[in-house]
>>> print(open('final-v9.txt').read())   # compact mmCIF, C-alpha atoms
# COMPACT_ATOMS: atom_id res chain seq x y z
CA MET J 1 80.52 21.13 55.24
CA ARG J 2 78.59 20.09 52.15
CA ASP J 3 77.37 16.55 52.66
CA GLU J 4 77.12 15.38 49.07
CA THR J 5 78.81 12.47 47.37
CA ILE J 6 80.86 13.37 44.33
CA VAL J 7 82.40 10.94 41.89
CA THR J 8 84.99 12.80 39.87
CA VAL J 9 85.62 11.48 36.38
CA ILE J 10 88.63 12.62 34.41
CA ASN J 11 89.52 12.21 30.75
CA LYS J 12 92.58 13.05 28.73
CA SER J 13 91.36 16.56 27.97
CA ASP J 14 90.90 17.41 31.66
CA GLU J 15 93.46 19.54 33.44
CA GLY J 16 96.13 17.29 34.86
CA GLY J 17 94.90 14.39 32.74
CA GLY J 18 96.68 12.49 30.06
CA LYS J 19 99.84 10.47 30.23
CA GLY J 20 103.15 12.15 30.79
CA PRO J 21 105.93 12.47 33.31
CA LYS J 22 104.64 11.83 36.79
CA LYS J 23 105.02 14.77 39.11
CA GLU J 24 106.12 14.55 42.69
CA ALA J 25 103.31 14.64 45.24
CA CYS J 26 102.83 14.65 48.98
CA LEU J 27 100.30 15.25 51.74
CA VAL J 28 101.02 17.80 54.49
CA VAL J 29 99.18 17.85 57.81
CA ILE J 30 97.76 21.36 58.18
CA TYR J 31 95.37 20.63 61.06
CA GLY J 32 95.58 17.97 63.73
CA ALA J 33 98.33 15.96 65.40
CA GLU J 34 101.84 16.18 63.88
CA LEU J 35 101.17 19.57 62.30
CA GLY J 36 103.43 20.13 59.30
CA ARG J 37 104.33 16.47 58.80
CA LYS J 38 104.89 15.51 55.17
CA TYR J 39 103.86 12.17 53.66
CA HIS J 40 105.55 11.50 50.33
CA ILE J 41 103.31 9.78 47.76
CA ASP J 42 105.73 7.41 46.09
CA GLY J 43 103.95 5.62 43.26
CA ARG J 44 102.29 2.84 45.18
CA GLU J 45 98.96 2.37 46.89
CA MET J 46 98.84 4.05 50.29
CA THR J 47 96.15 3.68 52.93
CA ILE J 48 94.89 6.21 55.47
CA GLY J 49 93.07 5.14 58.60
CA ARG J 50 92.97 4.56 62.34
CA GLY J 51 94.78 1.22 62.21
CA THR J 52 98.49 1.35 62.97
CA LEU J 53 99.34 -0.65 59.83
CA ASN J 54 98.16 2.17 57.55
CA ASP J 55 100.75 4.21 55.67
CA ILE J 56 99.17 7.31 57.19
CA CYS J 57 97.77 6.68 60.65
CA VAL J 58 95.11 9.08 61.97
CA SER J 59 94.41 7.94 65.51
CA GLN J 60 90.88 9.28 66.05
CA ASP J 61 87.61 7.57 66.94
CA SER J 62 85.88 9.30 64.01
CA VAL J 63 88.29 7.67 61.54
CA SER J 64 87.64 4.17 60.23
CA ARG J 65 90.27 1.44 60.55
CA THR J 66 91.13 1.66 56.83
CA HIS J 67 89.39 4.90 55.95
CA ALA J 68 90.67 5.82 52.48
CA THR J 69 93.21 4.83 49.82
CA LEU J 70 95.59 6.91 47.72
CA ARG J 71 96.66 5.44 44.40
CA VAL J 72 99.11 6.82 41.87
CA GLU J 73 97.97 6.21 38.29
CA ASP J 74 99.03 7.48 34.88
CA HIS J 75 96.62 10.40 35.09
CA GLY J 76 97.69 11.47 38.56
CA VAL J 77 96.78 10.68 42.16
CA LYS J 78 93.35 9.30 42.97
CA LEU J 79 91.78 9.31 46.44
CA ARG J 80 89.11 6.71 47.22
CA ASP J 81 86.90 6.46 50.28
CA ASN J 82 86.72 2.89 51.61
CA GLU J 83 83.07 3.10 52.69
CA SER J 84 84.18 4.80 55.89
CA THR J 85 81.67 5.57 58.63
CA ASN J 86 82.10 9.35 58.56
CA GLY J 87 83.19 9.90 54.97
CA THR J 88 86.16 11.43 53.18
CA TYR J 89 86.04 15.08 52.11
CA VAL J 90 87.93 16.99 49.44
CA ASN J 91 87.51 20.77 49.63
CA ASP J 92 84.48 20.22 51.90
CA HIS J 93 82.74 17.90 49.42
CA LYS J 94 82.07 14.31 50.45
CA ILE J 95 83.59 12.02 47.82
CA HIS J 96 83.55 8.37 46.80
CA GLU J 97 86.66 8.83 44.69
CA ALA J 98 88.35 11.86 43.18
CA TRP J 99 91.45 12.87 41.26
CA LEU J 100 93.51 15.25 43.38
CA LYS J 101 94.94 18.53 42.17
CA ASP J 102 97.57 20.75 43.72
CA GLY J 103 96.24 22.62 46.75
CA ASP J 104 93.28 20.35 47.49
CA LEU J 105 92.31 20.07 51.17
CA ILE J 106 91.49 16.54 52.35
CA LYS J 107 89.55 16.03 55.58
CA ILE J 108 89.55 12.66 57.31
CA GLY J 109 88.00 12.67 60.75
CA ARG J 110 89.16 15.95 62.27
CA ALA J 111 92.53 15.88 60.50
CA ILE J 112 93.12 18.06 57.44
CA PHE J 113 95.79 17.36 54.84
CA LYS J 114 96.90 19.56 51.95
CA PHE J 115 97.80 17.85 48.67
CA LEU J 116 100.89 19.28 46.99
CA SER J 117 101.95 18.30 43.51
CA GLY J 118 104.41 19.76 41.03
CA ASP J 119 107.93 19.77 39.66
CA ASN J 120 109.39 21.00 42.95
CA VAL J 121 107.36 19.60 45.82
CA GLU J 122 110.10 20.35 48.32
CA SER J 123 109.83 24.07 47.57
CA LEU J 124 106.03 23.92 47.79
CA TYR J 125 106.34 22.11 51.11
CA HIS J 126 108.58 24.79 52.61
CA GLU J 127 106.18 27.48 51.40
CA GLU J 128 103.33 25.62 53.10
CA ILE J 129 105.28 25.32 56.35
CA TYR J 130 105.87 29.09 56.28
CA ARG J 131 102.16 29.66 55.65
CA LEU J 132 101.29 27.42 58.61
CA SER J 133 103.27 29.79 60.83
CA THR J 134 100.67 32.51 60.13
CA VAL J 135 97.43 30.70 59.21
CA ASP J 136 95.11 28.46 61.24
CA GLY J 137 94.76 25.16 59.40
CA LEU J 138 91.09 24.59 60.23
CA THR J 139 89.54 27.99 59.54
CA GLN J 140 92.13 29.27 57.01
CA ILE J 141 92.24 32.65 58.75
CA PHE J 142 95.25 34.07 60.59
CA ASN J 143 96.48 32.41 63.77
CA LYS J 144 97.23 33.93 67.18
CA ARG J 145 100.91 34.41 66.47
CA TYR J 146 100.28 36.51 63.37
CA PHE J 147 97.51 38.41 65.13
CA LEU J 148 99.78 39.45 68.03
CA GLU J 149 102.60 40.53 65.71
CA THR J 150 100.19 42.58 63.59
CA LEU J 151 98.43 44.15 66.57
CA GLU J 152 101.76 45.34 67.96
CA ARG J 153 102.63 46.95 64.61
CA GLU J 154 99.19 48.54 64.20
CA LEU J 155 99.25 49.94 67.73
CA SER J 156 102.65 51.56 67.10
CA ARG J 157 101.44 53.00 63.80
CA ALA J 158 98.24 54.37 65.36
CA ARG J 159 100.25 56.01 68.15
CA ARG J 160 102.78 57.50 65.76
CA TYR J 161 100.23 59.07 63.43
CA ASP J 162 97.47 59.64 66.00
CA ARG J 163 95.01 57.42 64.14
CA PRO J 164 92.08 55.40 65.53
CA LEU J 165 92.41 51.67 66.12
CA ALA J 166 89.81 49.20 67.38
CA LEU J 167 89.95 45.61 68.51
CA VAL J 168 87.05 43.14 68.44
CA MET J 169 87.11 39.89 70.43
CA PHE J 170 84.29 37.38 70.02
CA ASP J 171 83.53 33.76 70.69
CA ILE J 172 80.82 31.23 69.92
CA ASP J 173 78.14 30.91 72.57
CA PHE J 174 77.69 27.49 74.22
CA PHE J 175 80.31 25.95 71.95
CA LYS J 176 80.99 23.05 74.32
CA ALA J 177 77.29 22.18 74.21
CA CYS J 178 77.50 22.24 70.39
CA ASN J 179 80.36 19.72 70.46
CA ASP J 180 78.58 17.55 73.05
CA THR J 181 75.29 17.56 71.12
CA TYR J 182 76.41 17.38 67.50
CA GLY J 183 79.98 16.05 67.76
CA HIS J 184 83.43 17.54 67.23
CA ARG J 185 83.18 17.34 63.44
CA ALA J 186 80.13 19.57 63.64
CA GLY J 187 82.05 21.88 65.97
CA ASP J 188 84.86 22.15 63.40
CA PHE J 189 82.27 22.93 60.75
CA VAL J 190 80.80 25.75 62.87
CA LEU J 191 84.24 27.27 63.47
CA ARG J 192 84.97 27.32 59.73
CA GLU J 193 81.57 28.72 58.81
CA VAL J 194 81.72 31.50 61.42
CA ALA J 195 85.17 32.47 60.14
CA ASP J 196 83.85 32.55 56.55
CA VAL J 197 80.84 34.72 57.42
CA VAL J 198 82.96 37.30 59.25
CA ARG J 199 85.75 37.26 56.65
CA GLU J 200 83.27 38.06 53.86
CA ARG J 201 82.13 41.14 55.80
CA ALA J 202 85.62 42.40 56.68
CA ARG J 203 87.60 45.01 54.77
CA LYS J 204 90.92 44.10 53.14
CA VAL J 205 92.84 46.02 55.82
CA ASP J 206 91.11 44.22 58.70
CA VAL J 207 92.90 41.27 60.29
CA LEU J 208 90.71 38.35 61.38
CA ALA J 209 92.35 35.63 63.45
CA ARG J 210 91.49 32.55 65.45
CA TYR J 211 92.70 33.55 68.90
CA GLY J 212 92.22 30.12 70.47
CA GLY J 213 89.54 27.43 70.69
CA GLU J 214 86.24 29.09 69.80
CA GLU J 215 87.54 32.63 70.38
CA PHE J 216 88.32 35.00 67.50
CA ALA J 217 89.93 38.43 67.29
CA MET J 218 89.78 41.17 64.71
CA ILE J 219 91.99 44.24 64.27
CA LEU J 220 90.17 47.22 62.74
CA PRO J 221 92.62 49.97 61.66
CA GLU J 222 91.28 53.50 61.13
CA ILE J 223 88.02 52.77 63.00
CA ASP J 224 86.91 54.28 66.30
CA ILE J 225 84.77 52.65 68.99
CA ARG J 226 81.51 53.76 67.37
CA GLY J 227 82.36 52.32 63.97
CA ALA J 228 83.71 49.11 65.53
CA THR J 229 80.51 48.68 67.56
CA GLN J 230 78.34 49.12 64.45
CA PHE J 231 80.47 46.58 62.58
CA SER J 232 80.23 44.15 65.50
CA GLU J 233 76.43 44.44 65.58
CA LYS J 234 76.34 43.60 61.88
CA ILE J 235 78.41 40.44 62.22
CA ARG J 236 76.51 39.41 65.36
CA THR J 237 73.25 39.68 63.44
CA MET J 238 74.65 37.88 60.40
CA ILE J 239 75.78 34.92 62.51
CA ALA J 240 72.47 34.72 64.39
CA GLU J 241 70.52 34.76 61.11
CA SER J 242 72.77 32.33 59.20
CA LYS J 243 71.63 28.75 58.65
CA PHE J 244 74.37 26.42 59.82
CA MET J 245 73.45 23.01 58.38
CA PHE J 246 75.67 20.01 59.11
CA GLU J 247 74.73 16.60 57.72
CA GLY J 248 71.10 17.63 57.45
CA ARG J 249 70.85 19.10 60.95
CA HIS J 250 70.43 22.78 61.75
CA ILE J 251 72.83 24.07 64.41
CA PRO J 252 71.79 27.36 66.03
CA VAL J 253 74.82 29.62 66.43
CA THR J 254 75.29 33.01 68.11
CA ILE J 255 78.36 34.96 69.17
CA SER J 256 79.20 37.34 72.01
CA ILE J 257 81.45 40.30 71.27
CA GLY J 258 83.69 42.67 73.21
CA VAL J 259 84.94 45.88 71.57
CA ALA J 260 87.74 48.21 72.65
CA GLU J 261 89.62 51.11 71.08
CA LEU J 262 93.09 52.51 71.56
CA THR J 263 93.03 55.23 74.22
CA GLN J 264 95.65 57.15 76.20
CA ASP J 265 95.49 54.77 79.15
CA ILE J 266 96.51 51.77 76.99
CA ALA J 267 100.27 51.29 77.04
CA THR J 268 100.70 47.99 75.20
CA TYR J 269 98.79 45.71 72.83
CA ASP J 270 98.24 43.38 75.79
CA ASP J 271 96.30 46.16 77.57
CA LEU J 272 94.05 46.52 74.53
CA ILE J 273 93.44 42.77 74.41
CA LYS J 274 92.58 42.69 78.12
CA LYS J 275 90.05 45.49 77.71
CA ALA J 276 88.31 43.84 74.74
CA ASP J 277 88.40 40.45 76.45
CA ALA J 278 86.87 41.90 79.65
CA ARG J 279 84.01 43.31 77.58
CA LEU J 280 83.57 39.96 75.84
CA TYR J 281 83.30 38.34 79.27
CA LYS J 282 80.69 40.95 80.24
CA ALA J 283 78.70 40.18 77.08
CA LYS J 284 78.62 36.51 78.02
CA GLN J 285 77.76 37.20 81.64
CA THR J 286 74.84 39.46 80.72
CA GLY J 287 73.03 37.07 78.40
CA ARG J 288 75.25 36.28 75.37
CA ASN J 289 74.45 37.05 71.72
CA ARG J 290 75.29 40.71 72.30
CA VAL J 291 77.95 43.38 71.84
CA VAL J 292 79.56 45.19 74.78
CA ALA J 293 81.71 48.25 74.05
CA ASP J 294 81.92 49.96 77.45
>>> encode(input="final-v9.txt", output="structure tokens")
Amino acid sequence: MRDETIVTVINKSDEGGGKGPKKEACLVVIYGAELGRKYHIDGREMTIGRGTLNDICVSQDSVSRTHATLRVEDHGVKLRDNESTNGTYVNDHKIHEAWLKDGDLIKIGRAIFKFLSGDNVESLYHEEIYRLSTVDGLTQIFNKRYFLETLERELSRARRYDRPLALVMFDIDFFKACNDTYGHRAGDFVLREVADVVRERARKVDVLARYGGEEFAMILPEIDIRGATQFSEKIRTMIAESKFMFEGRHIPVTISIGVAELTQDIATYDDLIKKADARLYKAKQTGRNRVVAD
């Protein structure tokens, strides 16, 4: 997360600026308690914070009592941080105040909201709810449900056409210690950054998902065990060499990886997961920061 304060200034020539008919707007919870809840922004000042009297209550210790304020003005919707302890973030940038645009991600404490604005907010909201059924709100990669559905399809396809298929399971080493040392906000940052590093390396046909907690899974169609192992070594090295900086502090991060391929003895996608997961466990038991493929 980029820890920089941004004051966004808008004028009439800016996109979304200028007077005109006010569009509908809302916030949708995409990560945190009450996932999918919609808060309609109705033309008055709304507050967000830990206190129960706020219009949007985020009951977390990392959230200030009155953390931030939303205000509808002629130019659009403005978000202002109320000198909160841990800051307000828009698209991973720490802000003092900012005009919001459709699709912006707002992070307050560990909660993440998506700002929706347009002529048909209800339609946008339903589209977002559908997206939440397949995407993890924190990392913005696929979730476990989508991963399992896709793995079942890919296994059937590989069997039918006698094509190779590999599965990679990995998790972040000593993640609990990271949370205990640097805090849960830092842990969330590490999860997002790890997902971004791996996603940038993946092919378009690969499916990267957050399997649960700090564990990730990746489906590699048309790749055998050798190719999957080479790929896994590359992402392991990339993570180990990346500089994870959170609020001025360097957080050392490594991952352990288990790799498996579709073989004759594997009957279901669950068998393939168990094999990759067993090898991930072996990687952790034999020293971490390594790849195990047998």
>>> closest_residue(input="final-v9.txt", among="J:Ala98, J:Val58, J:Ile129, J:Ile223", to="Ala158 in chain J", atoms="all atoms listed in the file")
J:Ile223
>>> residues_near_point(input="final-v9.txt", point="(88.4, 44.2, 76.1)", cutoff="8 Å", atoms="all atoms listed in the file", output="PyMOL selection string")
chain J and resi 167-169+258-260+272-280
>>> residues_near_point(input="final-v9.txt", point="(95.2, 7.9, 62.8)", cutoff="6 Å", atoms="all atoms listed in the file", output="list in words")
Gly49, Arg50, Cys57, Val58, Ser59 and Gln60 of chain J
>>> atom_distance(input="final-v9.txt", atom1="CA of Cys26 in chain J", atom2="CA of Leu116 in chain J")
5.4 Å
>>> closest_residue(input="final-v9.txt", among="J:Val253, J:Asp162, J:Glu152, J:Cys178", to="Val194 in chain J", atoms="all atoms listed in the file")
J:Val253
